[in-house]
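So this one's coords26.tsv, TSV, C-alpha atoms:
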chain	number	residue	atom	x	y	z
A	1	TYR	CA	-41.87	-49.08	18.41
A	2	ALA	CA	-38.71	-50.26	20.17
A	3	TYR	CA	-35.90	-47.80	20.81
A	4	GLU	CA	-32.51	-47.91	22.47
A	5	LEU	CA	-32.24	-45.16	25.06
A	6	ASP	CA	-28.85	-43.54	24.56
A	7	MET	CA	-27.89	-41.09	27.30
A	8	GLY	CA	-24.51	-40.46	25.73
A	9	ARG	CA	-20.99	-41.53	26.50
A	10	GLY	CA	-19.43	-40.58	29.84
A	11	LEU	CA	-17.60	-37.25	30.04
A	12	ILE	CA	-13.85	-36.89	30.53
A	13	TYR	CA	-12.30	-34.08	32.62
A	14	ASP	CA	-8.78	-33.13	33.56
A	15	ARG	CA	-7.88	-32.86	37.26
A	16	TRP	CA	-8.81	-29.16	37.32
A	17	GLY	CA	-12.30	-29.86	36.07
A	18	SER	CA	-11.75	-28.75	32.46
A	19	LEU	CA	-13.96	-30.71	30.09
A	20	LEU	CA	-11.90	-32.73	27.61
A	21	ALA	CA	-14.50	-35.00	26.02
A	22	THR	CA	-18.27	-34.57	25.83
A	23	ASN	CA	-21.21	-35.29	23.53
A	24	ARG	CA	-23.17	-33.01	21.26
A	25	ARG	CA	-26.54	-33.45	19.64
A	26	VAL	CA	-27.10	-33.90	15.93
A	27	TYR	CA	-30.07	-35.40	14.10
A	28	GLU	CA	-31.14	-38.23	11.87
A	29	VAL	CA	-33.62	-37.09	9.24
A	30	GLY	CA	-36.18	-39.64	8.15
A	31	LEU	CA	-39.37	-39.76	6.14
A	32	ALA	CA	-42.60	-41.53	7.10
A	33	LEU	CA	-43.77	-43.06	3.84
A	34	ASN	CA	-47.40	-42.81	4.91
A	35	GLY	CA	-47.14	-39.04	5.24
A	36	SER	CA	-48.90	-36.65	2.88
A	37	TYR	CA	-45.63	-35.27	1.52
A	38	ASN	CA	-44.95	-33.92	-1.94
A	39	SER	CA	-42.26	-36.12	-3.49
A	40	ILE	CA	-40.74	-33.24	-5.45
A	41	THR	CA	-40.47	-31.11	-2.30
A	42	VAL	CA	-38.83	-33.97	-0.38
A	43	ALA	CA	-36.31	-34.51	-3.18
A	44	GLN	CA	-35.50	-30.78	-3.31
A	45	ILE	CA	-34.94	-30.58	0.45
A	46	ALA	CA	-32.82	-33.73	0.40
A	47	SER	CA	-30.61	-32.26	-2.30
A	48	THR	CA	-30.41	-28.67	-1.04
A	49	TYR	CA	-30.08	-29.20	2.71
A	50	LEU	CA	-28.89	-32.78	3.13
A	51	GLY	CA	-26.72	-33.19	0.05
A	52	ILE	CA	-28.61	-36.36	-0.87
A	53	GLU	CA	-29.52	-37.03	-4.50
A	54	SER	CA	-30.13	-40.77	-4.35
A	55	LEU	CA	-30.83	-43.57	-1.87
A	56	ASN	CA	-29.52	-47.10	-1.50
A	57	ILE	CA	-32.18	-48.94	0.48
A	58	ASP	CA	-31.45	-52.59	1.32
A	59	GLY	CA	-28.78	-52.66	-1.35
A	60	ASN	CA	-31.33	-51.91	-4.07
A	61	GLY	CA	-29.94	-48.77	-5.53
A	62	PRO	CA	-28.91	-46.17	-6.09
A	63	ILE	CA	-32.31	-44.74	-6.87
A	64	SER	CA	-33.24	-41.06	-6.92
A	65	VAL	CA	-34.91	-39.69	-3.81
A	66	TYR	CA	-37.92	-38.58	-5.83
A	67	GLU	CA	-38.38	-41.94	-7.51
A	68	TYR	CA	-38.10	-43.91	-4.27
A	69	VAL	CA	-40.43	-41.82	-2.12
A	70	GLU	CA	-42.98	-41.59	-4.92
A	71	LYS	CA	-43.01	-45.32	-5.69
A	72	ASN	CA	-43.00	-46.44	-2.06
A	73	ARG	CA	-45.85	-44.38	-0.64
A	74	MET	CA	-47.79	-46.23	2.03
A	75	PRO	CA	-51.44	-45.98	3.15
A	76	LYS	CA	-51.97	-43.63	6.08
A	77	ASN	CA	-52.63	-46.53	8.44
A	78	GLN	CA	-49.40	-48.36	7.51
A	79	TYR	CA	-46.39	-46.65	9.05
A	80	ALA	CA	-43.04	-47.20	7.36
A	81	ARG	CA	-39.96	-45.03	7.63
A	82	ILE	CA	-36.73	-44.52	5.72
A	83	THR	CA	-33.59	-42.63	6.72
A	84	LEU	CA	-32.62	-39.76	4.45
A	85	ALA	CA	-29.51	-38.57	6.31
A	86	ARG	CA	-27.68	-38.95	9.62
A	87	PHE	CA	-25.46	-36.56	11.59
A	88	VAL	CA	-27.42	-33.52	10.44
A	89	GLU	CA	-26.44	-30.34	12.26
A	90	PRO	CA	-29.06	-28.57	14.42
A	91	GLU	CA	-28.90	-25.45	12.23
A	92	THR	CA	-29.85	-27.49	9.16
A	93	MET	CA	-32.65	-29.23	11.05
A	94	GLU	CA	-34.07	-25.86	12.10
A	95	LYS	CA	-34.08	-24.60	8.50
A	96	ILE	CA	-36.01	-27.66	7.37
A	97	GLU	CA	-38.44	-27.24	10.27
A	98	GLU	CA	-39.06	-23.64	9.22
A	99	LEU	CA	-39.94	-24.77	5.70
A	100	MET	CA	-42.24	-27.45	7.10
A	101	GLU	CA	-44.15	-24.82	9.06
A	102	GLU	CA	-44.25	-22.48	6.07
A	103	TYR	CA	-45.72	-25.16	3.80
A	104	LYS	CA	-48.10	-26.32	6.52
A	105	TYR	CA	-49.80	-22.91	6.73
A	106	ASP	CA	-49.73	-22.04	3.03
A	107	ASP	CA	-53.42	-22.97	2.76
A	108	LEU	CA	-52.88	-24.38	-0.72
A	109	ASP	CA	-55.35	-27.07	-1.72
A	110	ASP	CA	-53.58	-28.04	-4.92
A	111	GLU	CA	-52.36	-31.66	-4.74
A	112	ASN	CA	-49.05	-30.46	-6.16
A	113	ALA	CA	-48.56	-27.88	-3.40
A	114	PRO	CA	-45.22	-28.13	-1.56
A	115	SER	CA	-45.41	-30.35	1.50
A	116	LEU	CA	-42.90	-31.95	3.86
A	117	SER	CA	-45.50	-33.76	5.96
A	118	GLY	CA	-43.82	-36.99	7.04
A	119	ILE	CA	-40.33	-35.61	7.62
A	120	GLU	CA	-39.11	-36.75	11.05
A	121	PHE	CA	-36.13	-35.75	13.18
A	122	THR	CA	-34.49	-38.15	15.62
A	123	PRO	CA	-31.84	-36.70	17.96
A	124	MET	CA	-28.54	-38.57	18.22
A	125	LEU	CA	-25.24	-37.90	19.96
A	126	VAL	CA	-21.70	-37.68	18.61
A	127	ARG	CA	-18.44	-37.30	20.48
A	128	ALA	CA	-16.94	-33.81	20.78
A	129	TYR	CA	-13.63	-32.55	22.14
A	130	PRO	CA	-13.86	-28.94	23.38
A	131	GLU	CA	-10.06	-28.56	23.45
A	132	GLY	CA	-9.66	-29.88	19.92
A	133	SER	CA	-6.70	-32.22	19.51
A	134	LEU	CA	-5.08	-31.14	22.77
A	135	ALA	CA	-3.92	-34.26	24.69
A	136	SER	CA	-5.36	-36.49	21.97
A	137	ASN	CA	-2.44	-38.89	22.47
A	138	VAL	CA	-3.71	-39.44	26.03
A	139	LEU	CA	-7.46	-39.24	25.38
A	140	GLY	CA	-7.64	-41.38	22.26
A	141	TYR	CA	-10.74	-40.79	20.16
A	142	VAL	CA	-14.22	-41.99	19.26
A	143	ASP	CA	-15.20	-42.16	15.61
A	144	SER	CA	-18.91	-41.48	15.97
A	145	HIS	CA	-19.63	-41.48	12.25
A	146	SER	CA	-18.27	-44.86	11.20
A	147	LYS	CA	-20.51	-47.13	13.29
A	148	GLU	CA	-23.97	-47.27	14.79
A	149	TYR	CA	-22.55	-46.99	18.30
A	150	PHE	CA	-19.74	-45.25	20.19
A	151	GLU	CA	-16.47	-47.19	20.34
A	152	GLY	CA	-13.35	-45.79	21.98
A	153	ASN	CA	-10.00	-46.11	20.28
A	154	TYR	CA	-6.68	-45.83	22.11
A	155	GLY	CA	-5.95	-43.79	25.24
A	156	VAL	CA	-8.59	-43.19	27.89
A	157	GLU	CA	-11.41	-43.62	25.37
A	158	GLY	CA	-10.20	-47.09	24.48
A	159	GLU	CA	-9.04	-48.26	27.94
A	160	TYR	CA	-12.31	-47.32	29.67
A	161	ASP	CA	-14.57	-47.92	26.68
A	162	SER	CA	-17.12	-50.13	28.44
A	163	LEU	CA	-17.33	-47.85	31.49
A	164	LEU	CA	-17.73	-44.71	29.40
A	165	ASN	CA	-20.38	-46.32	27.20
A	166	GLY	CA	-22.33	-47.59	30.18
A	167	GLU	CA	-25.40	-49.77	29.93
A	168	LYS	CA	-27.96	-48.70	27.36
A	169	SER	CA	-31.59	-49.27	28.22
A	170	GLY	CA	-34.02	-50.57	25.63
A	171	TYR	CA	-37.64	-49.46	25.82
A	172	THR	CA	-40.83	-49.57	23.80
A	173	LEU	CA	-42.59	-46.32	22.97
A	174	ALA	CA	-46.24	-46.42	21.99
A	175	ARG	CA	-47.41	-44.11	19.21
A	176	ASN	CA	-50.56	-43.43	21.23
A	177	PRO	CA	-49.57	-40.83	23.88
A	178	ARG	CA	-52.40	-41.99	26.14
A	179	VAL	CA	-50.67	-45.28	26.80
A	180	CYS	CA	-47.09	-44.00	27.16
A	181	VAL	CA	-45.31	-45.00	30.36
A	182	GLU	CA	-42.37	-43.51	32.22
A	183	VAL	CA	-38.97	-44.59	30.92
A	184	ASP	CA	-36.51	-46.01	33.45
A	185	GLU	CA	-33.32	-44.07	34.07
A	186	CYS	CA	-30.34	-45.18	32.01
A	187	ARG	CA	-27.74	-46.86	34.18
A	188	GLY	CA	-24.03	-47.37	34.34
A	189	ILE	CA	-22.49	-44.44	32.46
A	190	LEU	CA	-19.34	-43.28	34.17
A	191	SER	CA	-17.39	-40.07	33.66
A	192	ARG	CA	-13.62	-40.23	33.99
A	193	LEU	CA	-11.05	-37.88	35.52
A	194	VAL	CA	-7.76	-37.61	33.67
A	195	ARG	CA	-4.82	-36.48	35.76
A	196	ALA	CA	-3.59	-33.96	33.30
A	197	ASP	CA	-3.36	-30.20	33.22
A	198	THR	CA	-4.61	-28.76	29.94
A	199	GLU	CA	-3.09	-25.34	30.65
A	200	VAL	CA	0.35	-26.85	31.18
A	201	ASN	CA	-0.04	-29.14	28.18
A	202	SER	CA	-1.08	-26.32	25.88
A	203	ALA	CA	2.01	-24.28	26.80
A	204	ALA	CA	4.45	-27.16	27.03
A	205	SER	CA	5.53	-27.29	23.43
A	206	PRO	CA	4.69	-25.91	19.97
A	207	TRP	CA	3.31	-29.36	19.04
A	208	SER	CA	0.88	-29.64	21.91
A	209	SER	CA	-1.94	-27.79	20.16
A	210	ASN	CA	-2.33	-30.65	17.69
A	211	GLY	CA	-1.96	-33.38	20.25
A	212	TYR	CA	1.66	-34.33	19.56
A	213	GLY	CA	4.73	-33.65	21.61
A	214	PRO	CA	8.18	-34.96	22.45
Re-express the file's structure as structure tokens.
Amino acid sequence: YAYELDMGRGLIYDRWGSLLATNRRVYEVGLALNGSYNSITVAQIASTYLGIESLNIDGNGPISVYEYVEKNRMPKNQYARITLARFVEPETMEKIEELMEEYKYDDLDDENAPSLSGIEFTPMLVRAYPEGSLASNVLGYVDSHSKEYFEGNYGVEGEYDSLLNGEKSGYTLARNPRVCVEVDECRGILSRLVRADTEVNSAASPWSSNGYGP
């Protein structure tokens, strides 16, 4: 399986070393269609924890989660995967993991027993601004949710977009752990130093807390 190795966008600091822009981890939740999941359980989890009632796969939808995962089961030796949700918070991922473990050790042999076998979590990064909207007119912004990749808009994020994004490294990961090889280090990501003082900016005017000022 081929993956793009994303080490995250470069960090941005002010001249005193205060972190202005960083990355935080969220998750993509997928389902391996050759897993021994219970379709009802998957649909319940999708609705309760992910807020997903239906899927639109390849433009053929919407179709209910239950109907899709039930109709598109694959043999155990034929791996296929669908995405249920992206940008899932770590807390939500942990709750789903807890249920997976609970169902795994229920020791129920009934074919209708709850099961989330096949649920997969893939970490992904989104842009985060520890100081909120402070100095946003200088920093610009990255809309992590609208596209498959980071793209800076305006300010430092836009001006140094290619440097902050760096060079992503593609690699192939074998499903057999015995033949896995070491992944090369990702290259080219550059952090930037902004010559600004966040303490001064935050006290400069009553508008500075939301990123606007005279």
> Interatomic distance between CA of Pro114 (chain A) and CA of Leu31 (chain A)?
Replying inline: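 For CA of Pro114 (chain A) relative to CA of Leu31 (chain A), the distance reads 15.1 Å.
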> So what do you get for CA of Gly17 (chain A) versus CA of Gly132 (chain A), distance-wise?
Replying inline: 16.4 Å
>> Report, in Å with one decimal, the straight-line distance from CA of Lys76 (chain A) to CA of Phe121 (chain A).
In response: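 Straight-line distance from CA of Lys76 (chain A) to CA of Phe121 (chain A) works out to 19.1 Å.
Neighbouring residues of region 57-65 of chain A at 8 Å or closer, counting only C-alpha atoms and skipping chain neighbours under 3 positions away, are Val42, Ala43, Ala46, Ile52, Glu53, Ser54, Tyr68 and Val69 of chain A.
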> Around (-43.5, -35.8, 2.7) in the file's frame, which residues reach within 7 Å when counting only C-alpha atoms? Return as a list in words?
Replying inline: Leu31, Gly35, Ser36, Tyr37, Asn38, Ser39, Val42, Ser115, Leu116, Ser117, Gly118 and Ile119 of chain A
>> Considering only C-alpha atoms, can you say which of A:Glu151, A:Glu28, A:Glu67, A:Glu131 comes closest to Thr92 (chain A)?
In response: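 Between A:Glu151, A:Glu28, A:Glu67, A:Glu131, the residue approaching Thr92 (chain A) most closely is A:Glu28.
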> List as a VMD selection string: which residues have an atom within 12 Å of (-8.8, -34.8, 18.3), counting all atoms listed in the file?
Replying inline: chain A and resid 20 to 21 127 to 143 153 to 155 157 208 to 212
Repaired coordinates for region 37-61 of chain A (N, CA and C atoms) as a short mmCIF file (atom, residue, chain, number, x, y, z; two decimals), in the coordinates of the input:
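result_26.cif, freshly written:
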data_model
loop_
_atom_site.label_atom_id
_atom_site.label_comp_id
_atom_site.auth_asym_id
_atom_site.auth_seq_id
_atom_site.Cartn_x
_atom_site.Cartn_y
_atom_site.Cartn_z
N TYR A 37 -46.70 -36.12 2.06
CA TYR A 37 -45.63 -35.27 1.52
C TYR A 37 -45.76 -35.12 0.01
N ASN A 38 -45.10 -34.09 -0.50
CA ASN A 38 -44.95 -33.92 -1.94
C ASN A 38 -43.57 -34.46 -2.31
N SER A 39 -43.52 -35.44 -3.17
CA SER A 39 -42.26 -36.12 -3.49
C SER A 39 -41.22 -35.16 -4.08
N ILE A 40 -41.68 -34.21 -4.87
CA ILE A 40 -40.74 -33.24 -5.45
C ILE A 40 -40.13 -32.38 -4.35
N THR A 41 -40.96 -31.94 -3.41
CA THR A 41 -40.47 -31.11 -2.30
C THR A 41 -39.47 -31.88 -1.46
N VAL A 42 -39.76 -33.14 -1.16
CA VAL A 42 -38.83 -33.97 -0.38
C VAL A 42 -37.49 -34.10 -1.10
N ALA A 43 -37.54 -34.36 -2.40
CA ALA A 43 -36.31 -34.51 -3.18
C ALA A 43 -35.50 -33.21 -3.19
N GLN A 44 -36.19 -32.08 -3.30
CA GLN A 44 -35.50 -30.78 -3.31
C GLN A 44 -34.82 -30.50 -1.97
N ILE A 45 -35.51 -30.80 -0.88
CA ILE A 45 -34.94 -30.58 0.45
C ILE A 45 -33.75 -31.51 0.68
N ALA A 46 -33.89 -32.76 0.25
CA ALA A 46 -32.82 -33.73 0.40
C ALA A 46 -31.57 -33.27 -0.33
N SER A 47 -31.75 -32.72 -1.50
CA SER A 47 -30.61 -32.26 -2.30
C SER A 47 -30.01 -30.97 -1.74
N THR A 48 -30.87 -30.00 -1.44
CA THR A 48 -30.41 -28.67 -1.04
C THR A 48 -29.82 -28.64 0.36
N TYR A 49 -30.47 -29.30 1.31
CA TYR A 49 -30.08 -29.20 2.71
C TYR A 49 -29.30 -30.41 3.23
N LEU A 50 -29.53 -31.56 2.63
CA LEU A 50 -28.89 -32.78 3.13
C LEU A 50 -27.80 -33.30 2.20
N GLY A 51 -27.73 -32.74 1.01
CA GLY A 51 -26.72 -33.19 0.05
C GLY A 51 -26.97 -34.59 -0.46
N ILE A 52 -28.25 -35.02 -0.46
CA ILE A 52 -28.61 -36.36 -0.87
C ILE A 52 -29.38 -36.31 -2.19
N GLU A 53 -28.84 -36.97 -3.20
CA GLU A 53 -29.52 -37.03 -4.50
C GLU A 53 -30.19 -38.38 -4.73
N SER A 54 -29.61 -39.43 -4.13
CA SER A 54 -30.13 -40.77 -4.35
C SER A 54 -30.06 -41.58 -3.07
N LEU A 55 -30.78 -42.70 -3.04
CA LEU A 55 -30.83 -43.57 -1.87
C LEU A 55 -30.42 -44.98 -2.28
N ASN A 56 -29.87 -45.69 -1.29
CA ASN A 56 -29.52 -47.10 -1.50
C ASN A 56 -30.17 -47.89 -0.37
N ILE A 57 -31.40 -48.27 -0.56
CA ILE A 57 -32.18 -48.94 0.48
C ILE A 57 -32.08 -50.45 0.30
N ASP A 58 -31.59 -51.13 1.34
CA ASP A 58 -31.45 -52.59 1.32
C ASP A 58 -30.63 -53.08 0.14
N GLY A 59 -29.65 -52.26 -0.25
CA GLY A 59 -28.78 -52.66 -1.35
C GLY A 59 -29.42 -52.56 -2.72
N ASN A 60 -30.64 -52.04 -2.78
CA ASN A 60 -31.33 -51.91 -4.07
C ASN A 60 -31.22 -50.47 -4.56
N GLY A 61 -30.11 -50.14 -5.09
CA GLY A 61 -29.94 -48.77 -5.53
C GLY A 61 -28.65 -48.62 -6.31
#
